[in-house]
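K.L.:
A single structure is presented below for examination.
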Amino acid sequence: MSGGKVEWLAPSSLDEAAALRAERGADATVLAGGSFLGILMNQGFLQPASLLSLGRVAQLRGIAVEDGELRLGAMVTHRQVERDASVRGGWPMLAEAFGLVASPRVRNQATVGGVLADADYASDPPAALSALDARAVLRSPRGERQVAIDELILGFYETCIADDELLTEVRVPAGIERATYRKFRSRSAEDRPCVAVAAARAGGTLRVVVGACAEVLQHYPDICSIAGNESVDGELAREIGARYAERLQPLSDSRGSAEYRRRVVAVEVRRAIETVAAGDPLATEPGR
Amino acid sequence: MTAIGVDSRVTGAQRYSVDAERPGMLHAAFVRSPHPHARVRSVDASAVPGECVALLPEDVADLHMYGCQVRDEHVLARIARHPGDIVAAVAAPTPEAARAAARLVEVDYEELPAVFDPVEAVAPGAPQLHPDGAQSADESVSIGVRPLAGTNVCHRFRLVHGDLAAGFAEADVVVQQAFRTPSAAHAPMEPHGAVAEWDDGALTVWTGTQTPFNLRADLAVAFGIDEERVRIVGAPLGGSFGAKTFVRHEAPLAALARKAGRPVKVVLDRTEEFVTLNRHPSVIRVRIGAKRDGTLVAKELDCWVDTGAYADCGPGVATKLGYAGVGPYRIPHVRVDALAIYTNLPPNGAFRGYGAMQSIWASERTMDVLADRLGISPLELRRQNLLRDGDVFATGEVLHDVQFERCLQAAADAVGYEEDPTGKGLCVLLKGMQTPSRAAIAVQRTPVGYEIRSAACEMGQGVRRSLQLMGAQLLECEPGQIEVPAPDTASSPFDTRTTSSRTTHMMGRALEEAVGDLRAGDGERGYGEVRNGGGLDPDTGQGIASTHWHQGAASARVTVDEETGKLTVEHLHGVAYAGRVVNPEGAELQNEGSLTMGLGTALFEAIEFADGQVANANLSDYNVPAIGDLPRRFTHEIIEREGAEVHGLGETVLPPVPAAIGNALYSLGLEIHQLPITAERVLAAVDVRDGRA
Amino acid sequence: MRVELQLNGRPAELECEPDEMLVEVLGREGLSSVRVTCGIGVCGACTVLVDGDPVSGCLTLAPQVAGREVTTVEGLGGSDPVQRAFVEAHAFQCGWCTPGFVLTAKALLADDPDPSPEAIVEALGGNLCRCGSYVKIADAVRRAASEERR
């Protein structure tokens with residue numbers, strides 16, 4: 001693959017990494033796990049001049065619960081999220097959703113920070129994180145800011161991360177009573193999602209996020225609000241599903257046409273809401 | 001108990017054609033047309049670095065057109081006929097440098113109108129792909145190519161049996177249905193790879209191919225040299241399924257090596273695999289008539305078979321597709337009209353099943369519709385009309401060792417069809433073997449035992465093992481004492497090809513002869529050869545289609561999420577008649593592999609095109625079945641008969657899978673006419689059934 | 001650049017460019033069991049174990065394995081119980097994908113010595129065998145499991 005000489009930057013501390021990022025900006029391609037970057041490089045879409053590898057930064061590898069909030073370092077792998085006892089205990093839907101990505105092999109490599117920063121529309125974790133109202137921590141010499149997942153992802157492979165910023169951590173709030181993630185595959189059991197629906201109920205608020213159907217995550221708080229604080233019956237779930245399907249402008253790809261996705265969204269949103277409305281606390285249902 | 005040696009496949013020591021190396025070799029990259037149909041005005045390679053060698057149109061001006069059944073292909077396309085057609089090539093010291101240099105070649109194109117659908121391609125006014133006509137190849141397997149001048153039809157196969165009009169006049173019920181099948185990728189794990197080298201006007205190509213002798217013959221034609229001056233050295237194939245047949249990348253590679261004066265190697269990348277050879281898309285219209293009691297009286301098949309930019313073996317595929325669509329039934333009046341049609345898609349060629357899947361899908365789906373109209377069980381309708389021993393097939397052949405009923409019954413029993421047919425489907429098939437054909441084997445004594453030389457190619461189907469087992473039995477030694485080298489046209493005796501599941505059958509017989517010869521002679525060496533005569537008249541479809549018949553069946557049980565159309569195959573069962581099994585584990589693997597590929601074919605495999613460009617040329621957007629796709633119950637059986645001859649098994653249970661699943665859906669009122677049976681198509685069928693569409 | 005690692009149980013140094021994929025560098029080392037196939041991490045034919053976990057050699061940059069332990073099927077010798085089980089179960093046809101399956105199975109069994117059928121499907125889900133040998137591959141994993149437990 002190698003064209004000219006490529007520079008390899010491998011800082012061992014977060015401060016050093018952040019400083020290099022600020023200094024090099026877009027000239028240095030940030031490398032987390034590499035599972036997405038590798039595809040781009042193999043297909044000739046990307047020929048980095050320098051690679052800024054975060055692989056040696058131990059501070060980015062932590063999984064912690066602080067003040068009830070889950071903190072996932074950017075370099076935590078999908079496999080770790082999937083198997084970590086604290087995640088499974090407190091945020092089982094998240095463990096489930098990360099565990100549905102590709103194969104264990106890819107999950108050994110793909111990271112929490114990477115999957116958000118690459119902003120691929122057909123990934124599982126963004127919808128799940130967004131439904132749980134997670135925020136990404138972005139660090140630069142200008143300071144630290146936190147952005148919601150649906151503010152982070154702006155379009156196909158496009159985020160709000162500035163050239164001097166590093167995504168260092170993802171924080172998931174406590175207090176989610178019930179949540180579910182539904183991965184609808186239209187083809188092979190190993191396919192990426194045709195429609196992804198994540199739903200969560202926290203503090204009386206219902207959040208339903210649809211992924212894999214459009215350039216960015218689709219979350220309609222006004223439609224969710226008709227659920228109110230009360231338990232949602234089947235009729236209301238159907239109504240919310242229908243409204244999501246009506247408002248969504250789905251894309252067409254190998255996994256389904258826009259019209260088909262609209263039909264599936266109505267069904268899968270309804271099913272997701274039925275699960276969070278009727279299920280046990282912290283219910284998860286295996287992805288399909 | 002099998003002796004357990006260290007198999008090179010588990011240690012990683014196995015070498016394939018992509019591992020071939022020659023001293024001083026360069027690496028090639030191809031320059032491919034981005035347009036579906038365009039005349040090459042000029043090629044400018046002046047920007048290519050001096051360390052590289054570029055192959056330009058003028059370098060191949062002395063070369064001849066080639067093609068295994070129709071000589072319609074140039075070594076470099078003067079008119080690009082599909083996106084991905086090779087118009088120039090570059091050799092460089094490394095693969096990366098070659099790819100980079102290929103990007104620097106400037107090609108000036110004049111775009112031409114293009115056509116991407118076989119039915120549109122035969123409509124008046126359609127763009128013509130080969131307006132000057134092309135010469136049919138006088139290759140070793142005569143197919144009797146029948147082009148229709150002034151059209152895109154490169155071959156028309158017709159079969160006429162009885163009097164069709166009279167037959168339909170007798171029918172109480174007539175059903176007509178049309179079906180479509182898409183293009184599909186063989187997607188062998190190992191891509192196409194080869195090294196070509198010239199020495200004093202003689203060409204050697206190290207390549208993974210199923211057809212070493214056909215490749216030799218065609219390269220000799222292209223380069224205008226004697227066949228003896230072309231040597232093909234085979235290697236184990238990392239899967240093929242029909243992909244590595246006839247001339248593919250080898251012709252431009254050999255021309256590049258000629259110009260470079262050095263050996264040149266190429267390994268295609270995954271994207272290129274999708275424009276190298278695919279499966280024929282088809283449109284098939286079936287009309288079938290029966291008497292009220294279920295007796296079939298007439299059947300008519302019209303088939304539009306899309307062979308893409310070049311004929312390749314499309315004429316043969318259209319022929320086999322045509323007669324396989326008649327099905328294993330006694331039908332007094334039959335007409336088949338199958339057209340192999342050029343379009344501006346990548347070339348389509350041999351694909352496990354060789355056209356049989358396409359017409360069996362159409363034909364066997366129609367049987368269930370007919371059964372429904374007649375108010376007869378689909379199982380009973382089939383049983384009532386199946387060919388039996390001594391019956392005459394529509395080609396005029398008398399069939400022997402007929403096992404269709406056993407196969408069908410076994411398939412039905414596996415899913416409990418007779419107890420309750422709801423959500424269940426059946427399919428039974430007849431499929432021919434490459435005919436005429438010839439196979440030869442040479443056996444020689446070695447210090448450890450024997451060497452069996454043949455042109456049979458090992459591509460995972462276990463032919464090496466089968467030859468070892470058969471040889472051990474005949475030669476009264478241990479299988480491990482028998483060496484089976486990879487084919488080499490310089491030393492292997494002639495073979496038609498390793499296709500159409502004919503190898504075990506033909507080689508088995510040739511081996512018996514060779515061992516007999518060895519015994520009769522000095523005990524040191526023996527030679528055996530088998531020739532199967534036959535062939536069909538392309539205008540009437542009469543003659544010998546196959547010297548033995550592949551017979552099989554499949555059954556499926558499905559459930560459907562009717563809100564999303566998501567289909568779950570709960571149980572899939574395949575049945576193949578094997579005659580006599582040589583290599584039990586190999587036979588099981590072949591059956592399981594065929595069923596798995598059939599499942600992918602049925603449920604999700606389809607190359608998608610946008611203006612002829614492949615839109616899903618990678619293994620993420622083009623899914624192939626993974627272990628998680630296997631149904632919870634995934635079963636099969638191999639039927640044997642005492643004293644029977646050896647039958648090939650390599651592709652018997654792939655073709656019936658789509659129709660078995662389609663018929664299972666039909667039992668739920670869901671009518672599917674197009675493969676693959678995606679969730680989206682199932683949902684549309686639910687809408688139709690429920691009156692929503 | 002130079003990457004130091006443990007390769008198949010021995011200290012090794014790989015000479016590579018920072019943007020080279022591990023599969024290519026290992027190929028240069030003669031470890032041709034790690035095979036470029038899909039180039040996008042879907043098929044598993046270039047699987048290697050890094051510190052015991054399977055990863056895709058086609059998506060791992062060579063410098064990412066600095067200081068780590070990399071295992072390819074060549075490193076198992078030939079009489080590893082998983083390799084033996086694959087031979088005994090006839091769990092391959094063309095053999096192209098076999099090294100990836102063997103390594104993936106090896107990692108599974110290290111983690112879960114008695115995997116359920118579902119766990120086997122889950123673990124092997126990302127390895128493609130176009131010849132369709134899955135039934136016997138799953139059988140091989142079960143054989144290896146009972147062999148190793150013995």
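Each chain of the structure tokens is named A, B, ... in the order shown, its residues numbered from 1; ligands are numbered from 1 in display order.
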Using only C-alpha atoms, tabulate the residues of chain B lying at most 12 Å from any atom of chain A, each with its closest atom pair and that distance in Å to one decimal, by chain and increasing residue number, as a Markdown table.
P.N.:
```
| residue | atom | partner | partner_atom | distance |
| --- | --- | --- | --- | --- |
| B:Thr94 | CA | A:Met1 | CA | 10.5 |
| B:Pro95 | CA | A:Met1 | CA | 9.3 |
| B:Glu96 | CA | A:Met1 | CA | 6.3 |
| B:Ala97 | CA | A:Gly3 | CA | 8.8 |
| B:Ala98 | CA | A:Met1 | CA | 11.6 |
| B:Arg99 | CA | A:Met1 | CA | 10.0 |
| B:Ala100 | CA | A:Gly3 | CA | 9.2 |
| B:Arg103 | CA | A:Gly44 | CA | 11.9 |
| B:Asp269 | CA | A:Gln43 | CA | 10.0 |
| B:Arg270 | CA | A:Gln43 | CA | 10.0 |
| B:Thr271 | CA | A:Gln43 | CA | 9.4 |
| B:Asp561 | CA | A:Val267 | CA | 10.7 |
| B:Glu562 | CA | A:Val267 | CA | 10.5 |
| B:Glu563 | CA | A:Val267 | CA | 6.8 |
| B:Thr564 | CA | A:Val264 | CA | 5.7 |
| B:Gly565 | CA | A:Ser186 | CA | 8.8 |
| B:Lys566 | CA | A:Ser186 | CA | 6.7 |
| B:Leu567 | CA | A:Ser186 | CA | 9.0 |
| B:Thr568 | CA | A:Arg187 | CA | 10.6 |
| B:Leu599 | CA | A:Ser188 | CA | 10.3 |
| B:Gly600 | CA | A:Ser188 | CA | 8.4 |
| B:Thr601 | CA | A:Arg187 | CA | 11.4 |
| B:Ala602 | CA | A:Arg187 | CA | 10.8 |
| B:Leu603 | CA | A:Arg187 | CA | 7.1 |
| B:Phe604 | CA | A:Arg187 | CA | 5.7 |
| B:Glu605 | CA | A:Arg187 | CA | 8.8 |
| B:Ala606 | CA | A:Ser254 | CA | 9.3 |
| B:Ile607 | CA | A:Ser254 | CA | 9.5 |
| B:Glu608 | CA | A:Ser254 | CA | 7.8 |
| B:Phe609 | CA | A:Ser254 | CA | 10.6 |
| B:Ala610 | CA | A:Asp253 | CA | 11.8 |
| B:Val614 | CA | A:Ser254 | CA | 11.5 |
| B:Ala615 | CA | A:Ser254 | CA | 8.4 |
| B:Asn616 | CA | A:Ser254 | CA | 7.3 |
| B:Ala617 | CA | A:Ser254 | CA | 11.0 |
| B:Asn618 | CA | A:Gln43 | CA | 10.4 |
| B:Leu619 | CA | A:Asp191 | CA | 9.9 |
| B:Ser620 | CA | A:Asp191 | CA | 7.1 |
| B:Asp621 | CA | A:Ser254 | CA | 6.3 |
| B:Tyr622 | CA | A:Ser254 | CA | 8.0 |
| B:Asn623 | CA | A:Ser188 | CA | 6.3 |
| B:Val624 | CA | A:Ser188 | CA | 7.4 |
| B:Pro625 | CA | A:Ser188 | CA | 6.4 |
| B:Ala626 | CA | A:Glu190 | CA | 6.8 |
| B:Ile627 | CA | A:Ala189 | CA | 8.5 |
| B:Gly628 | CA | A:Ala189 | CA | 5.6 |
| B:Asp629 | CA | A:Ala189 | CA | 5.5 |
| B:Leu630 | CA | A:Ala189 | CA | 9.1 |
| B:Pro631 | CA | A:Ala189 | CA | 10.8 |
| B:Pro676 | CA | A:Arg187 | CA | 9.9 |
| B:Ile677 | CA | A:Arg187 | CA | 9.6 |
| B:Thr678 | CA | A:Arg187 | CA | 7.0 |
| B:Ala679 | CA | A:Ser186 | CA | 5.9 |
| B:Glu680 | CA | A:Tyr260 | CA | 6.2 |
| B:Arg681 | CA | A:Tyr260 | CA | 9.4 |
| B:Val682 | CA | A:Tyr260 | CA | 10.9 |
| B:Leu683 | CA | A:Tyr260 | CA | 8.5 |
| B:Ala684 | CA | A:Tyr260 | CA | 9.1 |
| B:Asp687 | CA | A:Arg263 | CA | 11.6 |
```
K.L.:
Write down as number ranges by chain the residues belonging to stretch 56-155 of chain B that are assigned alpha helix (DSSP H) by DSSP computed on the backbone.
P.N.:
B: 95-102, 118-121
K.L.:
Output the contact residues of chain A with respect to chain C at a cut-off of 6 Å, based on only C-alpha atoms, as a list in words.
P.N.:
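Per the criterion, chain A yields Trp8, Ser35, Gly38, Ile39, Ser103 and Arg105 of chain A.
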K.L.:
Give the residues of chain C that lie within 8 Å of chain B; count only C-alpha atoms, and format the answer as a PyMOL selection string.
P.N.:
chain C and resi 31-33+37-40+42-43+73-74+76-79+83-84+86-88+90+92-99+102+121-122+124-136
K.L.:
What would the file look like if the residues just selected were written as a compact mmCIF listing (two decimals), in the first residue's frame with N, CA and C atoms?
P.N.:
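Output file selection.txt follows:
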```txt
# COMPACT_ATOMS: atom_id res chain seq x y z
N LEU C 31 4.90 -16.36 5.92
CA LEU C 31 3.73 -16.92 6.61
C LEU C 31 2.51 -16.77 5.69
N SER C 32 2.46 -17.62 4.68
CA SER C 32 1.47 -17.41 3.63
C SER C 32 0.10 -17.98 3.99
N SER C 33 -0.05 -18.49 5.21
CA SER C 33 -1.38 -18.95 5.63
C SER C 33 -2.31 -17.78 5.90
N THR C 37 -7.89 -11.64 1.18
CA THR C 37 -9.05 -12.23 0.51
C THR C 37 -10.14 -11.19 0.24
N CYS C 38 -10.74 -10.66 1.31
CA CYS C 38 -11.81 -9.67 1.06
C CYS C 38 -11.30 -8.24 1.22
N GLY C 39 -10.26 -8.07 2.01
CA GLY C 39 -9.67 -6.74 2.21
C GLY C 39 -10.49 -5.81 3.08
N ILE C 40 -11.58 -6.32 3.66
CA ILE C 40 -12.42 -5.44 4.47
C ILE C 40 -12.83 -6.07 5.81
N VAL C 42 -14.22 -8.89 6.51
CA VAL C 42 -15.48 -9.62 6.54
C VAL C 42 -15.28 -11.13 6.59
N CYS C 43 -14.21 -11.63 5.94
CA CYS C 43 -14.16 -13.07 5.66
C CYS C 43 -13.32 -13.89 6.62
N VAL C 73 -1.19 -19.74 12.01
CA VAL C 73 -1.39 -21.18 12.11
C VAL C 73 -0.05 -21.92 11.98
N GLU C 74 0.93 -21.30 11.34
CA GLU C 74 2.25 -21.92 11.27
C GLU C 74 2.82 -22.12 12.68
N LEU C 76 1.30 -23.05 15.26
CA LEU C 76 0.68 -24.14 16.02
C LEU C 76 1.37 -25.47 15.76
N GLY C 77 2.29 -25.48 14.82
CA GLY C 77 2.99 -26.73 14.51
C GLY C 77 2.19 -27.56 13.54
N GLY C 78 1.45 -28.48 13.97
CA GLY C 78 0.67 -29.31 13.07
C GLY C 78 -0.09 -30.34 13.86
N SER C 79 0.29 -30.47 15.15
CA SER C 79 -0.38 -31.48 15.95
C SER C 79 -1.19 -30.85 17.07
N GLN C 83 -6.06 -28.38 15.21
CA GLN C 83 -5.68 -28.81 13.85
C GLN C 83 -6.04 -30.27 13.65
N ARG C 84 -5.74 -31.10 14.65
CA ARG C 84 -6.06 -32.52 14.53
C ARG C 84 -7.55 -32.73 14.36
N PHE C 86 -9.70 -30.70 13.08
CA PHE C 86 -10.14 -30.30 11.73
C PHE C 86 -9.85 -31.41 10.72
N VAL C 87 -8.70 -32.06 10.88
CA VAL C 87 -8.38 -33.15 9.96
C VAL C 87 -9.35 -34.32 10.19
N GLU C 88 -9.54 -34.66 11.45
CA GLU C 88 -10.40 -35.81 11.76
C GLU C 88 -11.84 -35.59 11.32
N HIS C 90 -12.74 -33.77 8.85
CA HIS C 90 -12.76 -33.42 7.42
C HIS C 90 -13.38 -32.04 7.23
N PHE C 92 -12.80 -29.19 5.94
CA PHE C 92 -12.36 -28.22 4.93
C PHE C 92 -12.53 -28.82 3.56
N GLN C 93 -12.56 -27.96 2.57
CA GLN C 93 -12.55 -28.42 1.19
C GLN C 93 -11.32 -27.82 0.52
N CYS C 94 -11.45 -26.60 -0.01
CA CYS C 94 -10.26 -26.06 -0.70
C CYS C 94 -9.17 -25.65 0.28
N GLY C 95 -9.53 -25.38 1.52
CA GLY C 95 -8.53 -25.13 2.55
C GLY C 95 -8.08 -23.68 2.69
N TRP C 96 -8.56 -22.82 1.84
CA TRP C 96 -8.12 -21.42 1.87
C TRP C 96 -8.47 -20.76 3.20
N CYS C 97 -9.69 -21.01 3.67
CA CYS C 97 -10.16 -20.34 4.89
C CYS C 97 -9.73 -21.07 6.15
N THR C 98 -9.19 -22.29 6.02
CA THR C 98 -8.96 -23.16 7.17
C THR C 98 -8.07 -22.54 8.26
N PRO C 99 -6.93 -21.93 7.90
CA PRO C 99 -6.11 -21.34 8.97
C PRO C 99 -6.89 -20.33 9.82
N VAL C 102 -9.17 -22.26 12.12
CA VAL C 102 -8.42 -22.95 13.18
C VAL C 102 -8.06 -21.96 14.29
N VAL C 121 -21.35 -20.93 16.80
CA VAL C 121 -21.85 -20.13 15.67
C VAL C 121 -21.46 -18.67 15.85
N GLU C 122 -21.60 -18.19 17.06
CA GLU C 122 -21.25 -16.80 17.35
C GLU C 122 -19.76 -16.55 17.09
N LEU C 124 -17.61 -18.25 15.24
CA LEU C 124 -17.15 -18.49 13.86
C LEU C 124 -17.95 -17.69 12.84
N GLY C 125 -18.89 -16.90 13.30
CA GLY C 125 -19.80 -16.20 12.39
C GLY C 125 -19.08 -15.33 11.38
N GLY C 126 -17.95 -14.78 11.76
CA GLY C 126 -17.25 -13.85 10.87
C GLY C 126 -16.19 -14.51 10.01
N ASN C 127 -16.21 -15.84 9.93
CA ASN C 127 -15.26 -16.53 9.04
C ASN C 127 -16.07 -17.18 7.92
N LEU C 128 -15.74 -16.83 6.69
CA LEU C 128 -16.50 -17.36 5.57
C LEU C 128 -15.78 -18.55 4.94
N CYS C 129 -16.56 -19.57 4.63
CA CYS C 129 -16.07 -20.73 3.89
C CYS C 129 -16.97 -20.86 2.67
N ARG C 130 -16.49 -20.44 1.51
CA ARG C 130 -17.36 -20.46 0.33
C ARG C 130 -17.65 -21.89 -0.13
N CYS C 131 -16.76 -22.83 0.22
CA CYS C 131 -17.05 -24.23 -0.10
C CYS C 131 -18.21 -24.76 0.75
N GLY C 132 -18.51 -24.07 1.85
CA GLY C 132 -19.65 -24.46 2.67
C GLY C 132 -19.39 -25.68 3.54
N SER C 133 -18.26 -25.67 4.25
CA SER C 133 -17.91 -26.82 5.10
C SER C 133 -18.35 -26.62 6.55
N TYR C 134 -19.29 -25.72 6.77
CA TYR C 134 -19.60 -25.28 8.13
C TYR C 134 -20.02 -26.41 9.08
N VAL C 135 -20.79 -27.37 8.57
CA VAL C 135 -21.28 -28.43 9.46
C VAL C 135 -20.08 -29.16 10.07
N LYS C 136 -19.12 -29.46 9.23
CA LYS C 136 -17.98 -30.23 9.71
C LYS C 136 -17.01 -29.34 10.49
```
K.L.:
Could you pull the residues within 6 Å of stretch 387-402 of chain B, counting only C-alpha atoms, minus those fewer than 4 positions along the same chain, as a PyMOL selection string?
P.N.:
chain B and resi 161+328-330+541-543
K.L.:
Which residue, C:Gly67, C:Arg2, C:Ala144, C:Phe101, has the smallest gap to C:Val25 when you use only C-alpha atoms?
P.N.:
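Among C:Gly67, C:Arg2, C:Ala144, C:Phe101, it is C:Arg2 that comes nearest to C:Val25.
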K.L.:
With only C-alpha atoms as the atoms that count, which of C:Gly52, C:Cys46, C:Asn8, C:Ala138 lies nearest to C:Asp111?
P.N.:
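Of C:Gly52, C:Cys46, C:Asn8, C:Ala138, the one nearest C:Asp111 is C:Gly52, counting only C-alpha atoms.
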